[in-house]
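*Asks:* This one is work-v9.cif, mmCIF, C-alpha atoms.
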data_upload
#
loop_
_atom_site.label_atom_id
_atom_site.label_comp_id
_atom_site.auth_asym_id
_atom_site.auth_seq_id
_atom_site.Cartn_x
_atom_site.Cartn_y
_atom_site.Cartn_z
CA MET A 1263 8.04 5.73 -20.99
CA ASP A 1264 4.37 5.87 -20.08
CA HIS A 1265 2.96 8.43 -17.66
CA THR A 1266 2.56 6.01 -14.73
CA LEU A 1267 6.17 4.81 -14.64
CA GLU A 1268 7.40 8.33 -15.34
CA SER A 1269 5.39 9.47 -12.30
CA LEU A 1270 6.93 6.80 -10.08
CA TYR A 1271 10.40 7.90 -11.18
CA TRP A 1272 9.45 11.54 -10.52
CA ARG A 1273 8.37 10.73 -6.96
CA TYR A 1274 10.91 10.83 -4.14
CA ALA A 1275 10.69 11.30 -0.36
CA VAL A 1276 10.77 15.10 -0.15
CA LYS A 1277 13.21 16.37 2.48
CA LYS A 1278 12.36 20.07 2.07
CA PHE A 1279 8.97 21.43 1.07
CA ASP A 1280 8.32 24.91 -0.27
CA PRO A 1281 6.47 26.43 2.74
CA ALA A 1282 4.91 29.16 0.60
CA ARG A 1283 2.98 26.92 -1.78
CA VAL A 1284 -0.46 25.52 -1.00
CA LEU A 1285 -2.19 22.65 -2.80
CA PRO A 1286 -5.40 23.76 -4.52
CA GLU A 1287 -8.55 22.47 -2.83
CA GLU A 1288 -9.33 20.38 -5.91
CA LYS A 1289 -6.12 18.36 -5.43
CA VAL A 1290 -6.85 17.82 -1.73
CA THR A 1291 -10.36 16.57 -2.54
CA ARG A 1292 -8.86 14.21 -5.10
CA LEU A 1293 -6.56 12.74 -2.43
CA THR A 1294 -9.37 12.30 0.11
CA ASN A 1295 -11.55 10.58 -2.52
CA ALA A 1296 -8.65 8.36 -3.59
CA PHE A 1297 -8.04 7.39 0.05
CA ASN A 1298 -11.68 6.43 0.51
CA LEU A 1299 -11.52 4.28 -2.63
CA THR A 1300 -8.58 2.21 -1.31
CA ALA A 1301 -9.29 -1.53 -1.41
CA THR A 1302 -9.32 -2.97 2.12
CA SER A 1303 -9.58 -6.44 3.60
CA TYR A 1304 -13.24 -7.63 3.47
CA GLY A 1305 -14.11 -4.05 2.47
CA LEU A 1306 -14.14 -3.12 6.17
CA GLN A 1307 -12.12 0.12 5.81
CA PRO A 1308 -10.61 0.11 9.33
CA ILE A 1309 -8.75 3.29 8.42
CA ARG A 1310 -9.36 7.02 8.52
CA LEU A 1311 -7.52 10.01 7.16
CA LEU A 1312 -6.77 13.22 9.00
CA VAL A 1313 -6.03 16.20 6.75
CA ILE A 1314 -4.23 19.01 8.56
CA GLN A 1315 -3.78 22.48 7.14
CA ASP A 1316 -2.81 24.57 10.16
CA LYS A 1317 0.75 25.90 10.38
CA ALA A 1318 0.76 26.37 14.18
CA LEU A 1319 -0.50 22.85 14.71
CA GLN A 1320 1.91 21.47 12.10
CA ARG A 1321 4.83 23.19 13.88
CA SER A 1322 3.74 21.70 17.20
CA LEU A 1323 4.04 18.19 15.67
CA VAL A 1324 7.70 18.62 14.62
CA PRO A 1325 9.17 17.67 18.05
CA TYR A 1326 7.10 14.45 17.90
CA SER A 1327 8.28 13.73 14.36
CA TYR A 1328 11.98 13.37 15.19
CA GLY A 1329 12.44 16.99 14.20
CA GLN A 1330 11.47 16.43 10.59
CA ARG A 1331 10.64 19.88 9.19
CA GLN A 1332 8.48 18.46 6.39
CA VAL A 1333 5.60 18.30 8.88
CA ALA A 1334 5.76 22.07 9.41
CA ASP A 1335 6.57 23.16 5.86
CA ALA A 1336 4.25 20.95 3.80
CA SER A 1337 1.07 22.42 2.41
CA HIS A 1338 -1.00 19.74 4.17
CA VAL A 1339 -0.14 16.89 6.51
CA LEU A 1340 -2.07 13.66 6.03
CA VAL A 1341 -2.23 11.27 8.98
CA ILE A 1342 -3.42 7.72 8.29
CA CYS A 1343 -5.16 6.34 11.37
CA VAL A 1344 -6.63 2.96 12.26
CA GLU A 1345 -9.80 2.26 14.20
CA THR A 1346 -8.94 0.95 17.67
CA GLU A 1347 -12.16 -1.08 17.97
CA VAL A 1348 -13.29 -3.41 15.18
CA ASP A 1349 -16.08 -5.24 16.96
CA THR A 1350 -19.45 -6.75 16.00
CA SER A 1351 -21.21 -3.38 15.82
CA TYR A 1352 -18.43 -2.04 13.59
CA ILE A 1353 -18.81 -5.02 11.23
CA GLN A 1354 -22.60 -4.62 11.35
CA ARG A 1355 -22.29 -1.01 10.16
CA TYR A 1356 -20.41 -2.25 7.09
CA PHE A 1357 -23.23 -4.68 6.23
CA ASP A 1358 -25.81 -1.94 6.80
CA LYS A 1359 -23.88 0.10 4.26
CA VAL A 1360 -23.81 -2.78 1.72
CA GLN A 1361 -27.55 -3.14 2.18
CA SER A 1362 -28.23 0.57 1.66
CA VAL A 1363 -25.89 0.96 -1.35
CA ARG A 1364 -26.66 -2.27 -3.21
CA GLY A 1365 -30.08 -3.13 -1.85
CA THR A 1366 -28.85 -6.64 -1.00
CA SER A 1367 -31.22 -8.26 1.51
CA ALA A 1368 -30.09 -8.90 5.09
CA GLU A 1369 -30.97 -12.56 4.50
CA ILE A 1370 -28.45 -12.92 1.67
CA LEU A 1371 -25.78 -11.03 3.62
CA LYS A 1372 -26.31 -12.94 6.89
CA PRO A 1373 -24.02 -15.98 6.32
CA TYR A 1374 -21.17 -13.73 5.17
CA ARG A 1375 -21.76 -11.38 8.11
CA ASP A 1376 -21.85 -14.26 10.62
CA ASP A 1377 -18.62 -15.72 9.19
CA LEU A 1378 -16.85 -12.38 9.50
CA VAL A 1379 -18.10 -11.72 13.04
CA GLY A 1380 -17.04 -15.27 14.00
CA SER A 1381 -13.61 -14.85 12.47
CA PHE A 1382 -12.97 -11.49 14.16
CA SER A 1383 -14.18 -12.74 17.54
CA LYS A 1384 -11.38 -15.34 17.41
CA LYS A 1385 -8.66 -12.71 16.86
CA THR A 1386 -6.74 -11.10 19.72
CA PRO A 1387 -6.83 -7.27 19.98
CA GLU A 1388 -3.18 -7.26 18.82
CA GLN A 1389 -4.04 -9.37 15.76
CA ILE A 1390 -6.87 -6.98 14.87
CA ARG A 1391 -4.52 -4.03 15.33
CA MET A 1392 -1.89 -5.55 13.01
CA TRP A 1393 -4.58 -6.36 10.44
CA ALA A 1394 -5.78 -2.75 10.51
CA VAL A 1395 -2.22 -1.41 10.33
CA GLN A 1396 -1.62 -3.50 7.19
CA GLN A 1397 -4.62 -1.79 5.59
CA ALA A 1398 -3.09 1.58 6.53
CA TYR A 1399 0.07 0.62 4.61
CA LEU A 1400 -2.05 -0.46 1.65
CA ALA A 1401 -3.74 2.96 1.71
CA LEU A 1402 -0.33 4.65 1.87
CA GLY A 1403 0.76 2.71 -1.22
CA ASN A 1404 -2.34 3.92 -3.02
CA LEU A 1405 -1.87 7.55 -1.88
CA LEU A 1406 1.82 7.66 -2.83
CA THR A 1407 1.03 6.52 -6.35
CA VAL A 1408 -1.96 8.84 -6.71
CA CYS A 1409 0.22 11.73 -5.50
CA ALA A 1410 2.90 10.83 -8.05
CA VAL A 1411 0.46 10.55 -10.94
CA GLU A 1412 -1.10 13.89 -9.91
CA ARG A 1413 2.36 15.46 -9.49
CA ILE A 1414 1.81 16.16 -5.79
CA ASP A 1415 5.02 15.93 -3.77
CA SER A 1416 5.00 13.84 -0.62
CA CYS A 1417 7.14 12.25 2.08
CA PRO A 1418 6.01 9.00 3.71
CA MET A 1419 6.95 8.88 7.41
CA GLU A 1420 6.94 6.03 9.90
CA GLY A 1421 9.16 8.00 12.30
CA PHE A 1422 6.95 9.89 14.76
CA VAL A 1423 5.52 9.40 18.24
CA PRO A 1424 2.00 7.99 17.77
CA GLU A 1425 0.95 8.62 21.41
CA ALA A 1426 1.81 12.34 21.03
CA TYR A 1427 -0.03 12.60 17.69
CA ASP A 1428 -3.06 10.83 19.22
CA ARG A 1429 -3.11 13.27 22.13
CA ILE A 1430 -2.44 16.49 20.22
CA LEU A 1431 -4.85 15.66 17.41
CA GLY A 1432 -7.59 14.32 19.69
CA LEU A 1433 -7.50 10.91 18.01
CA THR A 1434 -7.85 8.74 21.12
CA GLU A 1435 -11.33 10.05 21.96
CA LYS A 1436 -12.38 9.38 18.37
CA GLY A 1437 -11.36 5.70 18.75
CA LEU A 1438 -8.39 6.17 16.42
CA THR A 1439 -4.63 5.90 16.55
CA ALA A 1440 -2.07 7.40 14.14
CA VAL A 1441 -0.08 4.89 12.05
CA LEU A 1442 1.51 6.77 9.16
CA VAL A 1443 2.20 10.41 8.33
CA LEU A 1444 2.33 11.85 4.82
CA PRO A 1445 3.16 15.54 4.39
CA VAL A 1446 2.09 16.66 0.89
CA GLY A 1447 2.68 19.78 -1.17
CA TYR A 1448 5.51 21.06 -3.35
CA ARG A 1449 9.24 20.30 -3.17
CA ALA A 1450 11.46 23.31 -2.42
CA ALA A 1451 13.53 24.45 -5.41
CA ASP A 1452 16.69 23.84 -3.36
CA ASP A 1453 15.85 20.39 -1.97
CA MET A 1454 19.11 18.66 -2.84
CA PHE A 1455 17.45 15.27 -2.48
CA SER A 1456 15.29 15.86 -5.55
CA GLY A 1457 18.35 15.53 -7.78
CA LEU A 1458 19.68 12.28 -6.34
CA LYS A 1459 19.54 9.12 -8.42
CA LYS A 1460 16.89 6.64 -7.33
CA VAL A 1461 18.36 3.61 -5.55
CA ARG A 1462 16.61 0.35 -6.38
CA ARG A 1463 17.75 -3.24 -6.71
CA ASP A 1464 18.19 -4.43 -10.29
CA LEU A 1465 14.92 -5.75 -11.68
CA LYS A 1466 16.48 -9.24 -11.95
CA ASP A 1467 17.04 -9.25 -8.17
CA THR A 1468 13.46 -8.15 -7.39
CA ILE A 1469 11.38 -10.10 -9.89
CA ILE A 1470 11.19 -13.87 -10.29
CA ARG A 1471 9.34 -15.04 -13.40
CA ILE A 1472 7.85 -18.49 -13.84
CA GLN A 1473 6.66 -19.18 -17.35
CA GLU A 1474 5.15 -22.22 -18.97
CA GLU A 1475 7.63 -24.27 -20.97
CA PRO A 1476 6.92 -23.77 -24.66
CA LYS A 1477 5.30 -26.97 -25.96
CA GLU A 1478 7.32 -29.17 -28.31
CA LEU A 1479 5.91 -29.29 -31.82
CA MET B 854 -13.70 13.38 -13.09
CA ASP B 855 -9.96 13.06 -13.67
CA HIS B 856 -8.36 9.87 -14.98
CA THR B 857 -6.92 8.78 -11.62
CA LEU B 858 -10.20 8.82 -9.68
CA GLU B 859 -12.04 7.37 -12.65
CA SER B 860 -9.51 4.51 -12.61
CA LEU B 861 -10.06 3.85 -8.91
CA TYR B 862 -13.83 3.71 -9.51
CA TRP B 863 -13.26 1.36 -12.47
CA ARG B 864 -11.23 -1.04 -10.31
CA TYR B 865 -12.98 -3.81 -8.39
CA ALA B 866 -11.90 -7.17 -7.00
CA VAL B 867 -12.45 -9.38 -10.04
CA LYS B 868 -14.31 -12.59 -9.23
CA LYS B 869 -14.11 -14.10 -12.72
CA PHE B 870 -11.29 -13.51 -15.18
CA ASP B 871 -11.48 -14.15 -18.91
CA PRO B 872 -9.20 -17.21 -19.17
CA ALA B 873 -8.59 -16.65 -22.89
CA ARG B 874 -7.02 -13.22 -22.65
CA VAL B 875 -3.34 -12.64 -21.94
CA LEU B 876 -1.72 -9.37 -20.85
CA PRO B 877 0.77 -8.09 -23.41
CA GLU B 878 4.39 -8.37 -22.29
CA GLU B 879 4.66 -4.58 -22.25
CA LYS B 880 1.98 -4.35 -19.52
CA VAL B 881 3.69 -7.06 -17.45
CA THR B 882 7.01 -5.23 -17.67
CA ARG B 883 5.27 -2.05 -16.57
CA LEU B 884 3.94 -3.82 -13.47
CA THR B 885 7.31 -5.32 -12.56
CA ASN B 886 8.98 -1.92 -12.94
CA ALA B 887 6.26 -0.25 -10.88
CA PHE B 888 6.70 -2.87 -8.15
CA ASN B 889 10.45 -2.24 -8.02
CA LEU B 890 9.80 1.52 -7.72
CA THR B 891 7.60 1.10 -4.62
CA ALA B 892 8.78 3.26 -1.72
CA THR B 893 9.88 1.09 1.22
CA SER B 894 10.96 1.72 4.79
CA TYR B 895 14.59 2.98 4.81
CA GLY B 896 14.70 2.04 1.11
CA LEU B 897 15.51 -1.55 2.14
CA GLN B 898 13.03 -3.25 -0.25
CA PRO B 899 12.46 -6.40 1.86
CA ILE B 900 10.01 -7.59 -0.80
CA ARG B 901 10.10 -9.55 -4.03
CA LEU B 902 7.59 -10.27 -6.73
CA LEU B 903 6.88 -13.61 -8.32
CA VAL B 904 5.21 -13.41 -11.73
CA ILE B 905 3.54 -16.67 -12.74
CA GLN B 906 2.28 -17.38 -16.24
CA ASP B 907 1.80 -21.13 -16.28
CA LYS B 908 -1.75 -22.52 -16.40
CA ALA B 909 -0.89 -25.95 -14.94
CA LEU B 910 0.96 -24.35 -12.04
CA GLN B 911 -1.82 -21.79 -11.57
CA ARG B 912 -4.42 -24.57 -11.40
CA SER B 913 -2.34 -26.41 -8.80
CA LEU B 914 -2.52 -23.32 -6.55
CA VAL B 915 -6.35 -23.17 -6.51
CA PRO B 916 -6.80 -25.73 -3.66
CA TYR B 917 -4.39 -23.62 -1.57
CA SER B 918 -6.30 -20.43 -2.41
CA TYR B 919 -9.59 -21.46 -0.79
CA GLY B 920 -10.78 -22.62 -4.18
CA GLN B 921 -10.65 -19.16 -5.73
CA ARG B 922 -10.69 -19.72 -9.50
CA GLN B 923 -9.11 -16.33 -10.21
CA VAL B 924 -5.70 -17.92 -9.58
CA ALA B 925 -6.26 -20.39 -12.44
CA ASP B 926 -8.08 -18.09 -14.87
CA ALA B 927 -6.05 -14.88 -14.61
CA SER B 928 -3.53 -14.05 -17.32
CA HIS B 929 -0.74 -13.83 -14.73
CA VAL B 930 -0.59 -14.39 -10.97
CA LEU B 931 1.59 -12.01 -8.97
CA VAL B 932 2.80 -13.19 -5.58
CA ILE B 933 4.25 -10.56 -3.25
CA CYS B 934 6.87 -12.16 -1.00
CA VAL B 935 8.97 -10.91 1.88
CA GLU B 936 12.59 -11.71 2.65
CA THR B 937 12.80 -14.02 5.66
CA GLU B 938 16.24 -12.77 6.70
CA VAL B 939 16.96 -9.03 7.00
CA ASP B 940 20.33 -9.18 8.72
CA THR B 941 23.52 -7.11 8.68
CA SER B 942 24.71 -8.48 5.35
CA TYR B 943 21.29 -7.73 3.81
CA ILE B 944 21.50 -4.13 5.06
CA GLN B 945 25.11 -3.91 3.85
CA ARG B 946 24.04 -4.88 0.31
CA TYR B 947 21.63 -1.90 0.33
CA PHE B 948 24.44 0.49 1.24
CA ASP B 949 26.71 -1.08 -1.40
CA LYS B 950 23.93 -0.30 -3.88
CA VAL B 951 23.65 3.33 -2.70
CA GLN B 952 27.40 3.66 -3.09
CA SER B 953 27.41 2.22 -6.60
CA VAL B 954 24.36 4.21 -7.84
CA ARG B 955 25.10 7.59 -6.24
CA GLY B 956 28.82 7.38 -5.70
CA THR B 957 28.35 8.36 -2.04
CA SER B 958 31.45 7.45 -0.04
CA ALA B 959 31.34 4.64 2.53
CA GLU B 960 32.56 7.19 5.07
CA ILE B 961 29.49 9.39 4.63
CA LEU B 962 27.15 6.39 4.67
CA LYS B 963 28.75 4.74 7.73
CA PRO B 964 26.81 6.52 10.55
CA TYR B 965 23.48 5.89 8.80
CA ARG B 966 24.44 2.26 8.13
CA ASP B 967 25.54 1.69 11.74
CA ASP B 968 22.30 3.23 13.06
CA LEU B 969 20.22 0.96 10.86
CA VAL B 970 22.20 -2.18 11.71
CA GLY B 971 21.92 -1.26 15.41
CA SER B 972 18.20 -0.65 15.17
CA PHE B 973 17.51 -3.94 13.34
CA SER B 974 19.69 -5.95 15.74
CA LYS B 975 17.33 -4.84 18.55
CA LYS B 976 14.24 -6.15 16.75
CA THR B 977 12.88 -9.66 17.28
CA PRO B 978 12.49 -11.91 14.19
CA GLU B 979 8.70 -11.45 14.52
CA GLN B 980 9.07 -7.63 14.55
CA ILE B 981 11.22 -7.78 11.43
CA ARG B 982 8.67 -10.06 9.77
CA MET B 983 5.78 -7.67 10.57
CA TRP B 984 7.83 -4.72 9.31
CA ALA B 985 8.51 -6.54 6.02
CA VAL B 986 4.86 -7.59 5.69
CA GLN B 987 3.80 -3.94 6.04
CA GLN B 988 6.05 -3.09 3.10
CA ALA B 989 4.36 -5.88 1.11
CA TYR B 990 0.98 -4.20 1.74
CA LEU B 991 2.44 -0.86 0.68
CA ALA B 992 3.60 -2.49 -2.57
CA LEU B 993 0.14 -4.00 -3.06
CA GLY B 994 -1.40 -0.53 -2.67
CA ASN B 995 0.96 0.76 -5.34
CA LEU B 996 0.29 -2.18 -7.70
CA LEU B 997 -3.50 -1.96 -7.34
CA THR B 998 -3.44 1.71 -8.31
CA VAL B 999 -1.00 1.18 -11.16
CA CYS B 1000 -3.19 -1.67 -12.45
CA ALA B 1001 -6.27 0.57 -12.28
CA VAL B 1002 -4.60 3.47 -14.07
CA GLU B 1003 -3.31 1.06 -16.74
CA ARG B 1004 -6.75 -0.62 -16.99
CA ILE B 1005 -5.40 -3.98 -15.90
CA ASP B 1006 -7.95 -5.99 -13.93
CA SER B 1007 -6.86 -7.53 -10.65
CA CYS B 1008 -8.04 -9.24 -7.48
CA PRO B 1009 -6.09 -8.70 -4.23
CA MET B 1010 -6.07 -11.86 -2.08
CA GLU B 1011 -5.05 -12.43 1.52
CA GLY B 1012 -6.85 -15.79 1.59
CA PHE B 1013 -4.40 -18.55 0.67
CA VAL B 1014 -2.09 -21.00 2.43
CA PRO B 1015 1.37 -19.38 2.50
CA GLU B 1016 3.16 -22.60 3.50
CA ALA B 1017 1.75 -24.39 0.43
CA TYR B 1018 2.65 -21.49 -1.88
CA ASP B 1019 6.17 -21.40 -0.40
CA ARG B 1020 6.61 -25.11 -1.03
CA ILE B 1021 5.04 -25.32 -4.50
CA LEU B 1022 6.78 -22.19 -5.77
CA GLY B 1023 10.14 -23.02 -4.21
CA LEU B 1024 10.13 -19.81 -2.16
CA THR B 1025 11.53 -21.22 1.10
CA GLU B 1026 14.89 -22.14 -0.44
CA LYS B 1027 15.08 -18.63 -1.91
CA GLY B 1028 14.72 -17.13 1.60
CA LEU B 1029 11.24 -15.84 0.81
CA THR B 1030 7.70 -16.34 2.03
CA ALA B 1031 4.46 -15.46 0.23
CA VAL B 1032 2.38 -12.67 1.79
CA LEU B 1033 -0.13 -11.47 -0.81
CA VAL B 1034 -1.49 -12.79 -4.09
CA LEU B 1035 -2.68 -10.65 -6.98
CA PRO B 1036 -4.09 -12.36 -10.07
CA VAL B 1037 -4.09 -9.88 -12.98
CA GLY B 1038 -5.58 -9.88 -16.46
CA TYR B 1039 -9.01 -9.15 -17.90
CA ARG B 1040 -12.45 -9.41 -16.26
CA ALA B 1041 -14.81 -11.94 -17.86
CA ALA B 1042 -17.68 -10.31 -19.75
CA ASP B 1043 -20.13 -12.14 -17.47
CA ASP B 1044 -18.50 -11.37 -14.10
CA MET B 1045 -21.62 -10.16 -12.28
CA PHE B 1046 -19.46 -8.44 -9.68
CA SER B 1047 -18.22 -5.87 -12.21
CA GLY B 1048 -21.67 -4.27 -12.27
CA LEU B 1049 -22.14 -3.94 -8.51
CA LYS B 1050 -22.09 -0.50 -6.93
CA LYS B 1051 -18.93 0.27 -4.97
CA VAL B 1052 -19.50 0.18 -1.21
CA ARG B 1053 -17.56 2.84 0.69
CA ARG B 1054 -18.24 4.88 3.81
CA ASP B 1055 -19.38 8.43 3.14
CA LEU B 1056 -16.41 10.75 2.76
CA LYS B 1057 -17.48 12.62 5.92
CA ASP B 1058 -17.08 9.37 7.91
CA THR B 1059 -13.61 8.62 6.51
CA ILE B 1060 -11.95 12.04 6.41
CA ILE B 1061 -11.33 14.40 9.31
CA ARG B 1062 -10.17 17.87 8.31
CA ILE B 1063 -8.37 20.27 10.63
CA GLN B 1064 -7.99 23.75 9.19
CA GLU B 1065 -6.52 26.92 10.61
CA GLU B 1066 -9.12 29.29 12.05
CA PRO B 1067 -9.44 32.29 9.75
CA LYS B 1068 -7.73 35.25 11.46
CA GLU B 1069 -9.96 38.04 12.76
CA LEU B 1070 -9.47 41.30 10.92
#
Would you write out, as structure tokens, the structure that this file holds?

*Replies:*
Amino acid sequence: MDHTLESLYWRYAVKKFDPARVLPEEKVTRLTNAFNLTATSYGLQPIRLLVIQDKALQRSLVPYSYGQRQVADASHVLVICVETEVDTSYIQRYFDKVQSVRGTSAEILKPYRDDLVGSFSKKTPEQIRMWAVQQAYLALGNLLTVCAVERIDSCPMEGFVPEAYDRILGLTEKGLTAVLVLPVGYRAADDMFSGLKKVRRDLKDTIIRIQEEPKEL
Amino acid sequence: MDHTLESLYWRYAVKKFDPARVLPEEKVTRLTNAFNLTATSYGLQPIRLLVIQDKALQRSLVPYSYGQRQVADASHVLVICVETEVDTSYIQRYFDKVQSVRGTSAEILKPYRDDLVGSFSKKTPEQIRMWAVQQAYLALGNLLTVCAVERIDSCPMEGFVPEAYDRILGLTEKGLTAVLVLPVGYRAADDMFSGLKKVRRDLKDTIIRIQEEPKEL
């Protein structure tokens, strides 16, 4: 089996981290770079990543994480956040960035920019929020696979109280809200979940293939 | 730079595929396996993957893909779908699978099963749909990274007419609806987009780090 599939089999949602082990800085930098390289809708990157390495703070998040100890014991806790305001000035900043990186003229970018501003101005705040949240899930999918390939253990979590995270981590005043939590580090030697067989539907129940009929000779 | 980050830099949203090149079956199987290994909420896998390799069919999808030629020219077109009905019997099938794979007794699984059935019965159909769609994005994030690491070119697409895809591909009668489209294959040698610099926010604008204060000695 190739390394990628082997990595995805190796990955599991860690129930118990080894609290004594810390990810080397090089691995953390790799994860932050990978996060920033995530593909997002229109390239707008309505997502940000909080990287927490502070045991007291991590412990204080446990009661707002349905008691899940992984938040306290993991080497680092990643929190994927979305921007609460994706307005015209936010979209403009993206086009400023395109201009500065690629040297594309404002004139060439204008029709695309105007289309995007027009399309977002028609969306309700809730529609924009759901759009941003979808990009957060896309980023989680990227991070989980990067972690696996890099042999970093992780545990994706939807179960936490976003309002408490936003308050404790000072996200609200930064215009952010927490969407997904991903403790990362090393599995404990005695995490009984690491030995369990992976449960997945049979491939035939997940994949539908449509192939061209072979031509008659 | 390590292989993973290098792969993410190599990846871009392909605008023009080489219509003559076909992914070897081994690569396609790797993608379908990777898709099935995607982590999903509660392990419920409310997602399925359609793998299309049929030029006539691919061409017929172009008008319902805002004219994007990638759908016709790519070696294969992947369509990530969600299950339209996640009801008690759907959840039961997951627990039957856990029982058959791990040999866990129904008695041990019962409280967890009842919790999950209870929690889903309180959700509106729209909430269940949004939950499933989020898992589709998670799977896309996984697939994009696996493609990059395996040097398979791809182009993630949100812009298409789901109702037309559902009808043409016979998804509705299978209890599915199309959420995301991912043509895969090989970039054309003259795709001018492959040479463009990647546009991303500076790392300092994407990542927020919180680290423990060093203790005073």

*Asks:* List as CSV every residue of chain B that is in contact with chain A, defined as an atom at most 8 Å from one of its atoms (using only C-alpha atoms), together with the nearest atom pair and the distance in Å rounded to one decimal, sorted by chain and then rising number.

*Replies:*
residue,atom,partner,partner_atom,distance
B:Thr857,CA,A:Val1408,CA,7.0
B:Leu858,CA,A:Ala1296,CA,6.3
B:Leu861,CA,A:Leu1299,CA,6.5
B:Tyr862,CA,A:Leu1299,CA,7.3
B:Arg883,CA,A:Leu1267,CA,7.2
B:Thr885,CA,A:Ile1469,CA,6.8
B:Asn886,CA,A:Leu1465,CA,7.2
B:Ala887,CA,A:Leu1267,CA,6.3
B:Asn889,CA,A:Thr1468,CA,6.7
B:Leu890,CA,A:Leu1270,CA,6.5
B:Thr891,CA,A:Gly1403,CA,7.8
B:Ser894,CA,A:Glu1420,CA,7.8
B:Gly896,CA,A:Val1461,CA,7.8
B:Gln898,CA,A:Arg1462,CA,8.0
B:Ile900,CA,A:Thr1468,CA,7.5
B:Arg901,CA,A:Thr1468,CA,5.0
B:Leu902,CA,A:Ile1469,CA,4.9
B:Leu903,CA,A:Ile1470,CA,4.7
B:Val904,CA,A:Arg1471,CA,4.7
B:Ile905,CA,A:Ile1472,CA,4.8
B:Gln906,CA,A:Gln1473,CA,4.9
B:Asp907,CA,A:Glu1474,CA,4.4
B:Lys908,CA,A:Glu1474,CA,7.4
B:Lys950,CA,A:Val1461,CA,7.0
B:Val951,CA,A:Val1461,CA,6.0
B:Val954,CA,A:Val1461,CA,6.5
B:Arg955,CA,A:Lys1459,CA,6.2
B:Val986,CA,A:Gln1396,CA,7.8
B:Gln987,CA,A:Gln1396,CA,5.6
B:Gln988,CA,A:Tyr1399,CA,7.2
B:Tyr990,CA,A:Leu1400,CA,4.8
B:Leu991,CA,A:Gly1403,CA,4.4
B:Ala992,CA,A:Gly1403,CA,6.1
B:Leu993,CA,A:Leu1400,CA,6.3
B:Gly994,CA,A:Gly1403,CA,4.2
B:Asn995,CA,A:Gly1403,CA,4.6
B:Leu997,CA,A:Asn1404,CA,7.4
B:Thr998,CA,A:Asn1404,CA,5.8
B:Val999,CA,A:Thr1266,CA,7.0
B:Val1002,CA,A:Thr1266,CA,7.6
B:Glu1003,CA,A:Thr1266,CA,7.9
B:Glu1011,CA,A:Ser1303,CA,7.8
B:Leu1049,CA,A:Arg1364,CA,7.2
B:Lys1050,CA,A:Arg1364,CA,6.2
B:Lys1051,CA,A:Val1363,CA,7.9
B:Val1052,CA,A:Val1360,CA,6.0
B:Arg1053,CA,A:Asn1298,CA,6.9
B:Arg1054,CA,A:Lys1359,CA,7.4
B:Leu1056,CA,A:Asn1298,CA,6.8
B:Thr1059,CA,A:Arg1310,CA,5.0
B:Ile1060,CA,A:Leu1311,CA,4.9
B:Ile1061,CA,A:Leu1312,CA,4.7
B:Arg1062,CA,A:Val1313,CA,4.7
B:Ile1063,CA,A:Ile1314,CA,4.8
B:Gln1064,CA,A:Gln1315,CA,4.9
B:Glu1065,CA,A:Asp1316,CA,4.4

*Asks:* What is the distance, in Å and to one decimal place, between CA of Pro1387 in chain A and CA of Arg982 in chain B?

*Replies:* 18.8 Å

*Asks:* Expand the PyMOL selection byres ((chain B and resi 1040) around 6) into the explicit residue set it covers here, and present it as a ChimeraX atom specification.

*Replies:* /B:870-871,1039,1041

*Asks:* One number please: CA of Ser913 in chain B to CA of Gly1380 in chain A, in Å, one decimal.

*Replies:*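 Result for CA of Ser913 in chain B versus CA of Gly1380 in chain A: 29.3 Å, one decimal.
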
*Asks:* Any idea what the distance is between CA of Leu1323 in chain A and CA of Glu1347 in chain A?

*Replies:*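 So the answer is 25.3 Å.
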
*Asks:* Excluding Thr1439 in chain A and any residue of its chain fewer than 2 positions from it, enumerate the residues within 8 Å of it, using all atoms listed in the file, and give them as a PDB file with C-alpha atoms, in the frame of the given file.

*Replies:*
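Writing the result to selection.pdb gives the following:
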ATOM      1  CA  CYS A1343      -5.160   6.340  11.370  1.00  0.00           C
ATOM      2  CA  VAL A1344      -6.630   2.960  12.260  1.00  0.00           C
ATOM      3  CA  GLU A1345      -9.800   2.260  14.200  1.00  0.00           C
ATOM      4  CA  THR A1346      -8.940   0.950  17.670  1.00  0.00           C
ATOM      5  CA  PRO A1424       2.000   7.990  17.770  1.00  0.00           C
ATOM      6  CA  GLU A1425       0.950   8.620  21.410  1.00  0.00           C
ATOM      7  CA  ASP A1428      -3.060  10.830  19.220  1.00  0.00           C
ATOM      8  CA  LEU A1433      -7.500  10.910  18.010  1.00  0.00           C
ATOM      9  CA  THR A1434      -7.850   8.740  21.120  1.00  0.00           C
ATOM     10  CA  GLY A1437     -11.360   5.700  18.750  1.00  0.00           C
ATOM     11  CA  VAL A1441      -0.080   4.890  12.050  1.00  0.00           C
TER      12      VAL A1441
END

*Asks:* Please write out, as lines of an AutoDock Vina configuration file, where the centre of an axis-aligned box around all listed atoms of range 1360-1363 of chain A lies and how long its edges are, in Å to one decimal, after adding 8 Å on each side.

*Replies:*
center_x = -26.0
center_y = -1.1
center_z = 0.4
size_x = 20.4
size_y = 20.1
size_z = 19.5

*Asks:* With only C-alpha atoms as the atoms that count, which of A:Ala1426, A:Leu1378, A:Val1284, A:Ile1370 lies nearest to Ser1351 in chain A?

*Replies:* A:Leu1378

*Asks:* Can you pull out every residue within 10 Å of Val1379 in chain A, counting all atoms listed in the file, but drop anything in the same chain fewer than 6 positions away, and send it as a ChimeraX atom specification?

*Replies:* /A:1348-1354,1373
